[in-house]
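Comments concern the structure below.
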Amino acid sequence: MDTLHHTLSANSVRENRTTTTQNWLNKMEAQSEFNRYGITSMFFLLIGIFGGITIAISAYAHLWQITVIAMFTMLSLSLMLAVAPMKYILRVTAVTLLLDLLILMLNAVL
């Protein structure tokens, strides 16, 4: 009986962690839907400036890097212009910014 109780409590803790993560993501997406216009205008500036700096500083020597940066930048900007759901905009913008940072660091090291 004691083993069953420990198993059930371990499963409930695991479920609580997933539920907390789900609730946090849902709250963030709901807040971002409410503040859509402020967030998208901020993302327009961040994506445009950061993508331009990445290409200007480090990616001009490699065509594949320019292609990847331009593709992800245009994808995120197109989602914003198309008024896509904010969960897609948030995720694609985060991937785009991380990719720009990765390419900047890759070219700084090499």
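Residues are referred to by chain and number: the chain letter is A, B, ... according to the order shown in the structure tokens, the number counts from 1 in that chain, and ligands are numbered separately from 1 in the order shown.
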* **9 Å contact set for Leu99 (chain A), only C-alpha atoms, chain neighbours under 6 positions out, as number ranges by chain** => A: 68-69, 72
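With only C-alpha atoms as the atoms that count, the residue of A:Ile89, A:Ala94, A:Ile66, A:Leu75 with the shortest distance to Ile53 (chain A) is A:Ile66.
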* Asked: Got a sec: who's within 9 Å of Leu97 (chain A), counting only C-alpha atoms, leaving out chain neighbours fewer than 6 positions off, as a list in words?
  -> Leu46, Ile47, Phe50, Gly51 and Thr73 of chain A
What would the file look like if the residues just selected were written as a short mmCIF file (atom, residue, chain, number, x, y, z; two decimals), in the first residue's frame with N, CA and C atoms?
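Listed below is the output, out34.cif:
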```cif
data_model
loop_
_atom_site.label_atom_id
_atom_site.label_comp_id
_atom_site.auth_asym_id
_atom_site.auth_seq_id
_atom_site.Cartn_x
_atom_site.Cartn_y
_atom_site.Cartn_z
N LEU A 46 12.86 44.32 -33.57
CA LEU A 46 13.89 43.36 -33.15
C LEU A 46 14.35 42.47 -34.30
N ILE A 47 13.40 41.91 -35.01
CA ILE A 47 13.74 40.98 -36.09
C ILE A 47 14.47 41.71 -37.21
N PHE A 50 18.03 43.01 -35.79
CA PHE A 50 18.94 41.93 -35.44
C PHE A 50 19.32 41.10 -36.66
N GLY A 51 18.36 40.85 -37.56
CA GLY A 51 18.68 40.12 -38.80
C GLY A 51 19.62 40.92 -39.68
N THR A 73 13.68 35.21 -41.12
CA THR A 73 13.25 36.59 -40.88
C THR A 73 11.97 36.88 -41.65
#
```
- What's the 12 Å shell around Arg91 (chain A), counting only C-alpha atoms, without same-chain residues fewer than 6 positions away, as a ChimeraX atom specification? /A:25,28-29,32,43,72,75-76,79-80,84-85,97-98
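Using only C-alpha atoms, the nearest neighbour of Arg36 (chain A) within the list A:Val83, A:Ala70, A:Val95, A:Ala56 is A:Val83.
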Taken to one decimal, the CA of Ala108 (chain A)-CA of Ser78 (chain A) distance is 29.1 Å
re CA of Phe34 (chain A) and CA of Leu101 (chain A): distance 28.3 Å
